[in-house]
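Asker: Contents of target29.cif (mmCIF, C-alpha atoms and all ligand atoms):
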data_target
#
loop_
_atom_site.group_PDB
_atom_site.id
_atom_site.type_symbol
_atom_site.label_atom_id
_atom_site.label_comp_id
_atom_site.auth_asym_id
_atom_site.auth_seq_id
_atom_site.Cartn_x
_atom_site.Cartn_y
_atom_site.Cartn_z
ATOM 1 C CA MET A 1 -18.585 -22.721 29.504
ATOM 2 C CA ALA A 2 -15.795 -21.644 27.135
ATOM 3 C CA SER A 3 -14.005 -18.355 27.793
ATOM 4 C CA LYS A 4 -13.256 -17.537 24.157
ATOM 5 C CA ILE A 5 -14.958 -17.976 20.785
ATOM 6 C CA THR A 6 -14.276 -17.021 17.156
ATOM 7 C CA ILE A 7 -17.019 -16.503 14.558
ATOM 8 C CA LYS A 8 -16.684 -15.537 10.895
ATOM 9 C CA ALA A 9 -19.481 -13.668 9.094
ATOM 10 C CA PRO A 10 -19.843 -12.991 5.360
ATOM 11 C CA SER A 11 -20.192 -9.777 3.410
ATOM 12 C CA SER A 12 -23.648 -9.087 2.028
ATOM 13 C CA THR A 13 -25.505 -7.019 -0.512
ATOM 14 C CA ALA A 14 -28.672 -5.252 0.575
ATOM 15 C CA ASN A 15 -31.741 -4.110 -1.370
ATOM 16 C CA LEU A 16 -31.179 -6.142 -4.609
ATOM 17 C CA GLY A 17 -32.758 -3.191 -6.401
ATOM 18 C CA PRO A 18 -36.396 -2.792 -5.337
ATOM 19 C CA GLY A 19 -36.130 -4.438 -1.882
ATOM 20 C CA PHE A 20 -34.834 -1.396 0.007
ATOM 21 C CA ASP A 21 -34.201 -2.343 3.662
ATOM 22 C CA VAL A 22 -36.070 -5.639 3.063
ATOM 23 C CA PHE A 23 -33.848 -7.889 0.905
ATOM 24 C CA GLY A 24 -30.363 -9.105 1.718
ATOM 25 C CA LEU A 25 -28.048 -11.679 0.193
ATOM 26 C CA ALA A 26 -24.956 -13.105 1.894
ATOM 27 C CA ILE A 27 -22.021 -13.171 -0.510
ATOM 28 C CA ASP A 28 -18.756 -15.071 -0.364
ATOM 29 C CA ALA A 29 -16.604 -12.096 -1.406
ATOM 30 C CA PHE A 30 -15.169 -11.092 2.006
ATOM 31 C CA TYR A 31 -15.476 -12.100 5.672
ATOM 32 C CA ASP A 32 -15.070 -10.407 9.065
ATOM 33 C CA THR A 33 -13.814 -12.519 11.958
ATOM 34 C CA ILE A 34 -14.684 -11.729 15.558
ATOM 35 C CA THR A 35 -13.065 -13.290 18.615
ATOM 36 C CA LEU A 36 -14.751 -12.667 21.950
ATOM 37 C CA THR A 37 -12.806 -13.359 25.142
ATOM 38 C CA LYS A 38 -14.216 -13.083 28.635
ATOM 39 C CA ILE A 39 -12.241 -10.609 30.770
ATOM 40 C CA LYS A 40 -12.760 -9.229 34.280
ATOM 41 C CA LYS A 41 -14.702 -6.112 33.346
ATOM 42 C CA GLY A 42 -15.520 -3.560 30.662
ATOM 43 C CA ILE A 43 -15.493 -3.822 26.856
ATOM 44 C CA ILE A 44 -12.161 -3.622 25.036
ATOM 45 C CA ILE A 45 -11.945 -3.483 21.243
ATOM 46 C CA ILE A 46 -8.833 -4.540 19.329
ATOM 47 C CA THR A 47 -8.838 -4.282 15.538
ATOM 48 C CA ASN A 48 -6.643 -4.415 12.444
ATOM 49 C CA ASP A 49 -8.633 -1.628 10.745
ATOM 50 C CA LYS A 50 -9.259 2.104 11.084
ATOM 51 C CA ILE A 51 -12.652 1.787 12.751
ATOM 52 C CA PRO A 52 -13.817 3.369 16.006
ATOM 53 C CA THR A 53 -12.722 1.459 19.133
ATOM 54 C CA ASN A 54 -15.134 3.182 21.485
ATOM 55 C CA PRO A 55 -17.857 0.521 22.083
ATOM 56 C CA GLN A 56 -20.652 3.072 21.631
ATOM 57 C CA ASN A 57 -19.423 3.966 18.125
ATOM 58 C CA ASN A 58 -18.456 0.484 17.019
ATOM 59 C CA THR A 59 -21.073 -1.950 15.651
ATOM 60 C CA ALA A 60 -19.616 -4.945 17.503
ATOM 61 C CA GLY A 61 -19.153 -2.907 20.685
ATOM 62 C CA LEU A 62 -22.742 -1.727 20.600
ATOM 63 C CA VAL A 63 -24.021 -5.299 20.128
ATOM 64 C CA ILE A 64 -22.022 -6.437 23.187
ATOM 65 C CA LYS A 65 -23.278 -3.478 25.241
ATOM 66 C CA ASN A 66 -26.891 -4.264 24.349
ATOM 67 C CA MET A 67 -26.591 -8.023 24.898
ATOM 68 C CA LYS A 68 -24.713 -7.659 28.191
ATOM 69 C CA LYS A 69 -27.413 -5.324 29.460
ATOM 70 C CA LYS A 70 -30.346 -7.432 28.276
ATOM 71 C CA PHE A 71 -29.005 -10.707 29.714
ATOM 72 C CA LYS A 72 -27.479 -9.073 32.829
ATOM 73 C CA ILE A 73 -24.000 -10.451 32.068
ATOM 74 C CA LYS A 74 -21.372 -9.140 34.452
ATOM 75 C CA ASP A 75 -18.237 -10.470 32.671
ATOM 76 C CA GLY A 76 -16.160 -8.024 30.693
ATOM 77 C CA ILE A 77 -15.515 -8.773 27.016
ATOM 78 C CA GLU A 78 -12.505 -8.277 24.792
ATOM 79 C CA ILE A 79 -13.609 -7.997 21.142
ATOM 80 C CA LYS A 80 -10.963 -8.756 18.550
ATOM 81 C CA ILE A 81 -12.157 -7.606 15.126
ATOM 82 C CA LYS A 82 -10.339 -8.863 12.052
ATOM 83 C CA LYS A 83 -11.875 -6.860 9.218
ATOM 84 C CA GLY A 84 -11.820 -8.563 5.869
ATOM 85 C CA ILE A 85 -14.708 -6.587 4.376
ATOM 86 C CA PRO A 86 -13.831 -3.095 3.157
ATOM 87 C CA ALA A 87 -15.757 -0.614 5.317
ATOM 88 C CA GLY A 88 -18.051 1.922 3.667
ATOM 89 C CA PHE A 89 -18.476 0.322 0.222
ATOM 90 C CA GLY A 90 -21.935 -1.246 0.395
ATOM 91 C CA MET A 91 -20.708 -4.758 1.173
ATOM 92 C CA GLY A 92 -22.284 -5.034 4.618
ATOM 93 C CA SER A 93 -19.036 -4.517 6.490
ATOM 94 C CA SER A 94 -20.478 -3.072 9.692
ATOM 95 C CA ALA A 95 -23.285 -5.652 9.565
ATOM 96 C CA ALA A 96 -20.892 -8.603 9.320
ATOM 97 C CA SER A 97 -19.030 -7.503 12.450
ATOM 98 C CA ALA A 98 -22.344 -7.024 14.257
ATOM 99 C CA ALA A 99 -23.692 -10.390 13.035
ATOM 100 C CA ALA A 100 -20.566 -12.319 14.013
ATOM 101 C CA THR A 101 -20.586 -10.609 17.407
ATOM 102 C CA ALA A 102 -24.234 -11.451 18.165
ATOM 103 C CA VAL A 103 -23.730 -15.092 17.137
ATOM 104 C CA ALA A 104 -20.468 -15.318 19.123
ATOM 105 C CA PHE A 105 -21.991 -13.789 22.263
ATOM 106 C CA ASP A 106 -24.945 -16.178 22.049
ATOM 107 C CA LYS A 107 -22.595 -19.160 21.870
ATOM 108 C CA LEU A 108 -20.136 -17.856 24.489
ATOM 109 C CA PHE A 109 -22.872 -17.505 27.121
ATOM 110 C CA GLU A 110 -24.958 -20.451 25.833
ATOM 111 C CA LEU A 111 -28.036 -18.260 25.434
ATOM 112 C CA LYS A 112 -29.549 -20.357 22.609
ATOM 113 C CA LEU A 113 -31.347 -17.355 21.106
ATOM 114 C CA ASP A 114 -33.589 -17.825 18.060
ATOM 115 C CA GLU A 115 -32.616 -16.384 14.671
ATOM 116 C CA ASN A 116 -34.917 -13.351 14.857
ATOM 117 C CA THR A 117 -33.491 -12.352 18.242
ATOM 118 C CA LEU A 118 -29.920 -12.708 16.947
ATOM 119 C CA VAL A 119 -30.798 -10.519 13.952
ATOM 120 C CA GLU A 120 -32.443 -7.992 16.265
ATOM 121 C CA PHE A 121 -29.305 -7.660 18.418
ATOM 122 C CA ALA A 122 -27.022 -7.562 15.374
ATOM 123 C CA GLY A 123 -29.274 -4.839 13.906
ATOM 124 C CA SER A 124 -28.982 -2.812 17.102
ATOM 125 C CA GLY A 125 -25.252 -2.556 16.341
ATOM 126 C CA GLU A 126 -25.897 -1.057 12.895
ATOM 127 C CA LYS A 127 -27.001 2.116 14.635
ATOM 128 C CA ALA A 128 -23.332 2.858 15.353
ATOM 129 C CA SER A 129 -22.581 3.257 11.643
ATOM 130 C CA ALA A 130 -25.875 3.991 9.858
ATOM 131 C CA GLY A 131 -27.543 6.184 12.478
ATOM 132 C CA THR A 132 -30.707 4.088 12.163
ATOM 133 C CA ILE A 133 -31.407 0.401 12.492
ATOM 134 C CA HIS A 134 -31.943 -1.647 9.344
ATOM 135 C CA TYR A 135 -31.840 -5.412 9.305
ATOM 136 C CA ASP A 136 -31.238 -6.394 5.651
ATOM 137 C CA ASN A 137 -27.440 -6.800 5.835
ATOM 138 C CA VAL A 138 -27.318 -8.258 9.343
ATOM 139 C CA ALA A 139 -30.058 -10.778 8.551
ATOM 140 C CA ALA A 140 -28.113 -11.999 5.499
ATOM 141 C CA SER A 141 -24.872 -12.146 7.459
ATOM 142 C CA VAL A 142 -26.429 -14.062 10.363
ATOM 143 C CA LEU A 143 -28.527 -16.522 8.336
ATOM 144 C CA GLY A 144 -26.752 -16.702 4.967
ATOM 145 C CA GLY A 145 -28.487 -17.039 1.595
ATOM 146 C CA PHE A 146 -31.301 -14.701 0.533
ATOM 147 C CA VAL A 147 -33.345 -13.045 3.259
ATOM 148 C CA ILE A 148 -36.568 -11.086 3.430
ATOM 149 C CA VAL A 149 -36.910 -8.837 6.462
ATOM 150 C CA LYS A 150 -40.415 -8.351 7.750
ATOM 151 C CA THR A 151 -40.519 -5.774 10.524
ATOM 152 C CA ASP A 152 -42.976 -4.971 13.293
ATOM 153 C CA PRO A 153 -42.666 -7.609 14.598
ATOM 154 C CA LEU A 154 -39.305 -8.675 13.193
ATOM 155 C CA ASN A 155 -39.512 -11.914 11.254
ATOM 156 C CA VAL A 156 -36.719 -12.880 8.892
ATOM 157 C CA ILE A 157 -37.492 -15.325 6.103
ATOM 158 C CA ARG A 158 -34.572 -17.151 4.525
ATOM 159 C CA ILE A 159 -34.588 -18.758 1.068
ATOM 160 C CA ASP A 160 -31.797 -20.838 -0.465
ATOM 161 C CA PRO A 161 -30.535 -19.081 -3.616
ATOM 162 C CA PRO A 162 -30.348 -20.951 -6.932
ATOM 163 C CA THR A 163 -27.000 -22.745 -7.232
ATOM 164 C CA ASN A 164 -26.177 -21.019 -10.535
ATOM 165 C CA LEU A 165 -26.557 -17.474 -9.180
ATOM 166 C CA ARG A 166 -23.388 -15.408 -9.550
ATOM 167 C CA MET A 167 -22.578 -11.786 -8.866
ATOM 168 C CA CYS A 168 -19.915 -9.478 -10.288
ATOM 169 C CA ILE A 169 -19.159 -6.642 -7.927
ATOM 170 C CA ALA A 170 -17.164 -3.542 -8.796
ATOM 171 C CA VAL A 171 -15.831 -1.662 -5.780
ATOM 172 C CA PRO A 172 -14.707 1.822 -6.885
ATOM 173 C CA LYS A 173 -11.573 3.263 -5.317
ATOM 174 C CA ILE A 174 -13.080 6.529 -4.153
ATOM 175 C CA ASP A 175 -13.148 8.353 -0.838
ATOM 176 C CA VAL A 176 -16.385 7.677 0.979
ATOM 177 C CA PRO A 177 -17.879 9.945 3.660
ATOM 178 C CA LYS A 178 -17.224 8.807 7.260
ATOM 179 C CA LYS A 179 -20.855 7.975 8.004
ATOM 180 C CA LYS A 180 -21.503 6.918 4.411
ATOM 181 C CA THR A 181 -24.716 4.953 5.010
ATOM 182 C CA LYS A 182 -26.198 7.827 6.988
ATOM 183 C CA VAL A 183 -25.244 10.249 4.187
ATOM 184 C CA SER A 184 -26.657 8.038 1.429
ATOM 185 C CA ARG A 185 -29.887 7.514 3.359
ATOM 186 C CA GLY A 186 -30.178 11.294 3.537
ATOM 187 C CA VAL A 187 -30.637 11.645 -0.259
ATOM 188 C CA ILE A 188 -33.625 9.284 -0.472
ATOM 189 C CA PRO A 189 -36.923 11.010 -1.360
ATOM 190 C CA LYS A 190 -39.418 11.359 1.489
ATOM 191 C CA LYS A 191 -42.374 11.014 -0.879
ATOM 192 C CA ILE A 192 -42.684 8.691 -3.858
ATOM 193 C CA LYS A 193 -45.096 8.331 -6.776
ATOM 194 C CA LEU A 194 -47.665 5.561 -6.613
ATOM 195 C CA ALA A 195 -46.630 4.375 -10.103
ATOM 196 C CA ASP A 196 -43.009 4.014 -8.918
ATOM 197 C CA SER A 197 -44.077 2.112 -5.836
ATOM 198 C CA ILE A 198 -46.130 -0.276 -8.004
ATOM 199 C CA LEU A 199 -43.164 -0.878 -10.311
ATOM 200 C CA ASN A 200 -40.800 -1.581 -7.426
ATOM 201 C CA LEU A 201 -43.323 -3.800 -5.690
ATOM 202 C CA SER A 202 -43.909 -5.889 -8.813
ATOM 203 C CA ASN A 203 -40.161 -6.336 -9.307
ATOM 204 C CA ALA A 204 -39.617 -7.169 -5.626
ATOM 205 C CA ALA A 205 -42.375 -9.767 -5.677
ATOM 206 C CA THR A 206 -40.876 -11.314 -8.810
ATOM 207 C CA ILE A 207 -37.426 -11.485 -7.172
ATOM 208 C CA VAL A 208 -38.940 -13.465 -4.303
ATOM 209 C CA SER A 209 -40.641 -15.790 -6.804
ATOM 210 C CA GLY A 210 -37.316 -16.205 -8.597
ATOM 211 C CA PHE A 211 -35.608 -17.296 -5.369
ATOM 212 C CA MET A 212 -38.428 -19.692 -4.581
ATOM 213 C CA LYS A 213 -38.441 -21.184 -8.078
ATOM 214 C CA LYS A 214 -34.597 -21.171 -8.184
ATOM 215 C CA ASP A 215 -34.892 -19.172 -11.396
ATOM 216 C CA THR A 216 -31.835 -16.924 -11.733
ATOM 217 C CA LYS A 217 -33.116 -15.234 -14.907
ATOM 218 C CA MET A 218 -36.317 -14.267 -13.107
ATOM 219 C CA ILE A 219 -34.271 -12.772 -10.239
ATOM 220 C CA GLY A 220 -31.779 -10.955 -12.462
ATOM 221 C CA ASN A 221 -34.387 -9.519 -14.808
ATOM 222 C CA SER A 222 -36.251 -8.006 -11.840
ATOM 223 C CA ILE A 223 -33.287 -6.195 -10.280
ATOM 224 C CA LYS A 224 -34.877 -2.857 -11.179
ATOM 225 C CA ASP A 225 -35.350 0.014 -8.782
ATOM 226 C CA VAL A 226 -36.962 3.290 -9.854
ATOM 227 C CA ILE A 227 -36.971 4.880 -6.389
ATOM 228 C CA ILE A 228 -33.678 4.604 -4.487
ATOM 229 C CA GLU A 229 -31.175 4.002 -7.311
ATOM 230 C CA PRO A 230 -32.021 7.231 -9.220
ATOM 231 C CA ALA A 231 -31.668 9.223 -5.990
ATOM 232 C CA ARG A 232 -28.275 7.757 -5.098
ATOM 233 C CA GLN A 233 -26.559 7.185 -8.421
ATOM 234 C CA HIS A 234 -24.968 10.669 -8.512
ATOM 235 C CA MET A 235 -22.791 9.516 -5.585
ATOM 236 C CA ILE A 236 -21.125 6.896 -7.804
ATOM 237 C CA PRO A 237 -18.870 8.225 -10.578
ATOM 238 C CA GLY A 238 -19.759 6.611 -13.906
ATOM 239 C CA PHE A 239 -22.672 4.580 -12.512
ATOM 240 C CA ILE A 240 -24.839 4.750 -15.655
ATOM 241 C CA LYS A 241 -21.958 3.638 -17.878
ATOM 242 C CA VAL A 242 -20.941 0.840 -15.488
ATOM 243 C CA LYS A 243 -24.509 -0.450 -15.512
ATOM 244 C CA GLU A 244 -24.946 -0.174 -19.286
ATOM 245 C CA ASN A 245 -21.615 -1.911 -19.889
ATOM 246 C CA ALA A 246 -22.476 -4.794 -17.571
ATOM 247 C CA ILE A 247 -25.853 -5.353 -19.221
ATOM 248 C CA ARG A 248 -24.257 -5.227 -22.664
ATOM 249 C CA ALA A 249 -21.688 -7.812 -21.512
ATOM 250 C CA GLY A 250 -24.489 -10.188 -20.521
ATOM 251 C CA ALA A 251 -25.515 -9.306 -16.937
ATOM 252 C CA LEU A 252 -29.189 -9.933 -16.200
ATOM 253 C CA GLY A 253 -29.611 -7.041 -13.778
ATOM 254 C CA VAL A 254 -27.388 -4.354 -12.255
ATOM 255 C CA THR A 255 -27.859 -2.049 -9.291
ATOM 256 C CA ILE A 256 -26.116 -0.313 -6.394
ATOM 257 C CA SER A 257 -24.948 -2.770 -3.718
ATOM 258 C CA GLY A 258 -26.635 -1.618 -0.512
ATOM 259 C CA ALA A 259 -25.977 2.069 0.041
ATOM 260 C CA GLY A 260 -23.073 1.939 -2.467
ATOM 261 C CA PRO A 261 -20.706 2.926 -3.926
ATOM 262 C CA SER A 262 -20.099 -0.675 -5.077
ATOM 263 C CA VAL A 263 -22.100 -1.746 -8.121
ATOM 264 C CA ILE A 264 -23.412 -5.305 -8.349
ATOM 265 C CA ALA A 265 -24.369 -7.287 -11.460
ATOM 266 C CA PHE A 266 -26.448 -10.469 -11.224
ATOM 267 C CA SER A 267 -25.804 -13.315 -13.664
ATOM 268 C CA GLU A 268 -25.954 -17.017 -14.226
ATOM 269 C CA SER A 269 -22.806 -19.125 -13.793
ATOM 270 C CA SER A 270 -22.933 -19.848 -17.530
ATOM 271 C CA ALA A 271 -22.438 -16.150 -18.386
ATOM 272 C CA ASP A 272 -19.019 -14.750 -19.210
ATOM 273 C CA LEU A 273 -18.436 -13.316 -15.741
ATOM 274 C CA LYS A 274 -14.938 -12.032 -16.532
ATOM 275 C CA LYS A 275 -16.334 -10.120 -19.487
ATOM 276 C CA ILE A 276 -18.998 -8.538 -17.255
ATOM 277 C CA SER A 277 -16.399 -7.562 -14.623
ATOM 278 C CA LEU A 278 -14.131 -6.085 -17.248
ATOM 279 C CA ALA A 279 -17.035 -4.132 -18.752
ATOM 280 C CA MET A 280 -17.814 -2.699 -15.312
ATOM 281 C CA SER A 281 -14.144 -1.718 -14.801
ATOM 282 C CA ARG A 282 -14.184 0.051 -18.165
ATOM 283 C CA GLY A 283 -17.294 1.975 -17.118
ATOM 284 C CA PHE A 284 -15.515 3.221 -14.012
ATOM 285 C CA ALA A 285 -12.328 3.905 -15.976
ATOM 286 C CA ASP A 286 -14.325 6.202 -18.289
ATOM 287 C CA ALA A 287 -15.165 8.229 -15.184
ATOM 288 C CA ASN A 288 -11.459 8.274 -14.221
ATOM 289 C CA THR A 289 -12.123 5.881 -11.358
ATOM 290 C CA LYS A 290 -10.206 2.736 -10.551
ATOM 291 C CA CYS A 291 -12.081 -0.233 -9.147
ATOM 292 C CA GLN A 292 -11.617 -3.715 -7.753
ATOM 293 C CA THR A 293 -13.853 -6.382 -9.265
ATOM 294 C CA ILE A 294 -14.945 -9.578 -7.551
ATOM 295 C CA ILE A 295 -16.871 -12.528 -8.978
ATOM 296 C CA CYS A 296 -18.817 -14.222 -6.187
ATOM 297 C CA LYS A 297 -21.555 -16.614 -5.098
ATOM 298 C CA PRO A 298 -24.078 -16.551 -2.278
ATOM 299 C CA SER A 299 -22.593 -17.504 1.105
ATOM 300 C CA LYS A 300 -23.769 -19.368 4.191
ATOM 301 C CA GLY A 301 -24.256 -17.340 7.352
ATOM 302 C CA ALA A 302 -22.080 -16.596 10.377
ATOM 303 C CA SER A 303 -20.316 -19.665 11.734
ATOM 304 C CA LYS A 304 -17.177 -20.893 13.531
HETATM 305 N N1 LIG B 1 -30.781 -0.880 3.017
HETATM 306 C C1 LIG B 1 -29.677 -0.102 3.459
HETATM 307 C C2 LIG B 1 -29.561 1.124 2.588
HETATM 308 C C3 LIG B 1 -28.424 -0.897 3.379
HETATM 309 O O1 LIG B 1 -29.640 0.974 1.359
HETATM 310 O O2 LIG B 1 -29.407 2.225 3.116
HETATM 311 C C4 LIG B 1 -27.227 -0.149 3.873
HETATM 312 O O3 LIG B 1 -26.142 -1.005 3.956
#
Take the structure in the file and give it back as structure tokens.
Ligand code: HSE

Answerer:
Amino acid sequence: MASKITIKAPSSTANLGPGFDVFGLAIDAFYDTITLTKIKKGIIIITNDKIPTNPQNNTAGLVIKNMKKKFKIKDGIEIKIKKGIPAGFGMGSSAASAAATAVAFDKLFELKLDENTLVEFAGSGEKASAGTIHYDNVAASVLGGFVIVKTDPLNVIRIDPPTNLRMCIAVPKIDVPKKKTKVSRGVIPKKIKLADSILNLSNAATIVSGFMKKDTKMIGNSIKDVIIEPARQHMIPGFIKVKENAIRAGALGVTISGAGPSVIAFSESSADLKKISLAMSRGFADANTKCQTIICKPSKGASK
């Protein structure tokens, strides 16, 4: 058995509009790299970023705690976290660390866990940052591609995205609350209208069809959410303008990436992706907000 392993996991976008907590897509924008080393005892976290290093408050630390307990592993673990994904911007940063950690631990101790179990352990780490467990980002980061999360019991379905699917992401340079996901989950309505639920369900079902048929237009045109996006958009300066601009520049669909504040536009590779990115930057600039834009593709899942 090896005593050390390194795994890299991709950033991800959750929800894709109407698929709140259900849809995830791994994206090749950024990666987190986790190196686990067996040590005598305890859990030690070393990182290049300003994230908590107490295992209980760190997504990777919590995954190790839970996996060590479940599989009665006595070895201590040093977790080296190289963060490449900006934390707190809706790019699945905490999830990528958790996903890479679960996959690394499985390999380090030759547990040969199935994909649903890996996602379950990775999801248990999300509690450290989001306050609750949700599997959309971790499932995408573990498996890659487009994922549908069915819960109770957990069953993750993976579909290969169309090869011409592209995303333009605008990451605004704003201060985000410490427990951003927890805060942005707090603004979601507790009750929703039946008509809104029908609209979101029809769009979500069409997104799944689009992935199955490899039809990027069908996916992009269905990125429409009338429940969560309206409740959260006030947390993103200039959101309406950014969205309008991207659509006008040729994006098929635009929404908040995960819990935000990044905004994601879905397009075909044949679209003018630079024009869309620039249009999104202008939208943020109108709200006196700088942003970083990234043009990206779907990614494969966590691997060596
Ligand atoms: N589905 C989650 C949310 C993703 O929107 O709160 C958080 O990264």

Asker: Name the residues, by chain letter and number, that sit within 9 Å of ligand LIG 1 (chain B) using all atoms listed in the file, and give them as a PyMOL selection string.

Answerer: chain A and resi 12-15+19-24+88-95+126+130+134-137+181-182+184-185+188+228+256-260

Asker: Store the residues picked out above, limited to C-alpha atoms, as a PDB file, keeping the file's coordinate frame.

Answerer:
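For reference, part17.pdb as written:
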ATOM      1  CA  SER A  12     -23.648  -9.087   2.028  1.00  0.00           C
ATOM      2  CA  THR A  13     -25.505  -7.019  -0.512  1.00  0.00           C
ATOM      3  CA  ALA A  14     -28.672  -5.252   0.575  1.00  0.00           C
ATOM      4  CA  ASN A  15     -31.741  -4.110  -1.370  1.00  0.00           C
ATOM      5  CA  GLY A  19     -36.130  -4.438  -1.882  1.00  0.00           C
ATOM      6  CA  PHE A  20     -34.834  -1.396   0.007  1.00  0.00           C
ATOM      7  CA  ASP A  21     -34.201  -2.343   3.662  1.00  0.00           C
ATOM      8  CA  VAL A  22     -36.070  -5.639   3.063  1.00  0.00           C
ATOM      9  CA  PHE A  23     -33.848  -7.889   0.905  1.00  0.00           C
ATOM     10  CA  GLY A  24     -30.363  -9.105   1.718  1.00  0.00           C
ATOM     11  CA  GLY A  88     -18.051   1.922   3.667  1.00  0.00           C
ATOM     12  CA  PHE A  89     -18.476   0.322   0.222  1.00  0.00           C
ATOM     13  CA  GLY A  90     -21.935  -1.246   0.395  1.00  0.00           C
ATOM     14  CA  MET A  91     -20.708  -4.758   1.173  1.00  0.00           C
ATOM     15  CA  GLY A  92     -22.284  -5.034   4.618  1.00  0.00           C
ATOM     16  CA  SER A  93     -19.036  -4.517   6.490  1.00  0.00           C
ATOM     17  CA  SER A  94     -20.478  -3.072   9.692  1.00  0.00           C
ATOM     18  CA  ALA A  95     -23.285  -5.652   9.565  1.00  0.00           C
ATOM     19  CA  GLU A 126     -25.897  -1.057  12.895  1.00  0.00           C
ATOM     20  CA  ALA A 130     -25.875   3.991   9.858  1.00  0.00           C
ATOM     21  CA  HIS A 134     -31.943  -1.647   9.344  1.00  0.00           C
ATOM     22  CA  TYR A 135     -31.840  -5.412   9.305  1.00  0.00           C
ATOM     23  CA  ASP A 136     -31.238  -6.394   5.651  1.00  0.00           C
ATOM     24  CA  ASN A 137     -27.440  -6.800   5.835  1.00  0.00           C
ATOM     25  CA  THR A 181     -24.716   4.953   5.010  1.00  0.00           C
ATOM     26  CA  LYS A 182     -26.198   7.827   6.988  1.00  0.00           C
ATOM     27  CA  SER A 184     -26.657   8.038   1.429  1.00  0.00           C
ATOM     28  CA  ARG A 185     -29.887   7.514   3.359  1.00  0.00           C
ATOM     29  CA  ILE A 188     -33.625   9.284  -0.472  1.00  0.00           C
ATOM     30  CA  ILE A 228     -33.678   4.604  -4.487  1.00  0.00           C
ATOM     31  CA  ILE A 256     -26.116  -0.313  -6.394  1.00  0.00           C
ATOM     32  CA  SER A 257     -24.948  -2.770  -3.718  1.00  0.00           C
ATOM     33  CA  GLY A 258     -26.635  -1.618  -0.512  1.00  0.00           C
ATOM     34  CA  ALA A 259     -25.977   2.069   0.041  1.00  0.00           C
ATOM     35  CA  GLY A 260     -23.073   1.939  -2.467  1.00  0.00           C
TER      36      GLY A 260
END

Asker: With the PyMOL selection byres (((chain A and resi 292-304) around 6) and not hetatm) as the selection, what would be picked from this file? Answer as a VMD selection string, please.

Answerer: chain A and resid 7 to 9 26 to 29 100 141 to 145 166 to 171 291

Asker: Using the chain letters and numbers from the file, which residues does the PyMOL selection byres (((chain A and resi 210) around 12) and not hetatm) grab, as a ChimeraX atom specification?

Answerer: /A:146,159-162,165,203-209,211-223

Asker: Interatomic distance between atom CA of A:Lys69 and atom CA of A:Lys127?

Answerer: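 Taking atom CA of A:Lys69 as the start and atom CA of A:Lys127 as the end point, the length is 16.6 Å.
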
Asker: Going by the chain IDs and residue numbers used in this file, which residues fall under the PyMOL selection byres (((chain A and resi 112-122) around 8) and not hetatm)? Write them as a compact mmCIF listing (two decimals) with C-alpha atoms, in the frame of the given file.

Answerer:
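Output contents, as saved in out-v4.txt:
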# COMPACT_ATOMS: atom_id res chain seq x y z
CA VAL A 63 -24.02 -5.30 20.13
CA ASN A 66 -26.89 -4.26 24.35
CA MET A 67 -26.59 -8.02 24.90
CA ALA A 95 -23.28 -5.65 9.56
CA ALA A 98 -22.34 -7.02 14.26
CA ALA A 99 -23.69 -10.39 13.04
CA THR A 101 -20.59 -10.61 17.41
CA ALA A 102 -24.23 -11.45 18.16
CA VAL A 103 -23.73 -15.09 17.14
CA ASP A 106 -24.94 -16.18 22.05
CA LYS A 107 -22.60 -19.16 21.87
CA GLU A 110 -24.96 -20.45 25.83
CA LEU A 111 -28.04 -18.26 25.43
CA GLY A 123 -29.27 -4.84 13.91
CA SER A 124 -28.98 -2.81 17.10
CA GLY A 125 -25.25 -2.56 16.34
CA GLU A 126 -25.90 -1.06 12.90
CA TYR A 135 -31.84 -5.41 9.30
CA VAL A 138 -27.32 -8.26 9.34
CA ALA A 139 -30.06 -10.78 8.55
CA VAL A 142 -26.43 -14.06 10.36
CA LEU A 143 -28.53 -16.52 8.34
CA LEU A 154 -39.30 -8.68 13.19
CA ASN A 155 -39.51 -11.91 11.25
CA VAL A 156 -36.72 -12.88 8.89

Asker: Write out as a ChimeraX atom specification each polymer residue whose atoms come within 6 Å of stretch 31-43 of chain A, counting all atoms listed in the file; drop sequence neighbours fewer than 5 positions from it.

Answerer: /A:3-11,75-85,97

Asker: Could you please take those selected residues and save C-alpha atoms as a PDB file, keeping the file's coordinate frame?

Answerer:
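File result-v4.pdb, as written:
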ATOM      1  CA  SER A   3     -14.005 -18.355  27.793  1.00  0.00           C
ATOM      2  CA  LYS A   4     -13.256 -17.537  24.157  1.00  0.00           C
ATOM      3  CA  ILE A   5     -14.958 -17.976  20.785  1.00  0.00           C
ATOM      4  CA  THR A   6     -14.276 -17.021  17.156  1.00  0.00           C
ATOM      5  CA  ILE A   7     -17.019 -16.503  14.558  1.00  0.00           C
ATOM      6  CA  LYS A   8     -16.684 -15.537  10.895  1.00  0.00           C
ATOM      7  CA  ALA A   9     -19.481 -13.668   9.094  1.00  0.00           C
ATOM      8  CA  PRO A  10     -19.843 -12.991   5.360  1.00  0.00           C
ATOM      9  CA  SER A  11     -20.192  -9.777   3.410  1.00  0.00           C
ATOM     10  CA  ASP A  75     -18.237 -10.470  32.671  1.00  0.00           C
ATOM     11  CA  GLY A  76     -16.160  -8.024  30.693  1.00  0.00           C
ATOM     12  CA  ILE A  77     -15.515  -8.773  27.016  1.00  0.00           C
ATOM     13  CA  GLU A  78     -12.505  -8.277  24.792  1.00  0.00           C
ATOM     14  CA  ILE A  79     -13.609  -7.997  21.142  1.00  0.00           C
ATOM     15  CA  LYS A  80     -10.963  -8.756  18.550  1.00  0.00           C
ATOM     16  CA  ILE A  81     -12.157  -7.606  15.126  1.00  0.00           C
ATOM     17  CA  LYS A  82     -10.339  -8.863  12.052  1.00  0.00           C
ATOM     18  CA  LYS A  83     -11.875  -6.860   9.218  1.00  0.00           C
ATOM     19  CA  GLY A  84     -11.820  -8.563   5.869  1.00  0.00           C
ATOM     20  CA  ILE A  85     -14.708  -6.587   4.376  1.00  0.00           C
ATOM     21  CA  SER A  97     -19.030  -7.503  12.450  1.00  0.00           C
TER      22      SER A  97
END
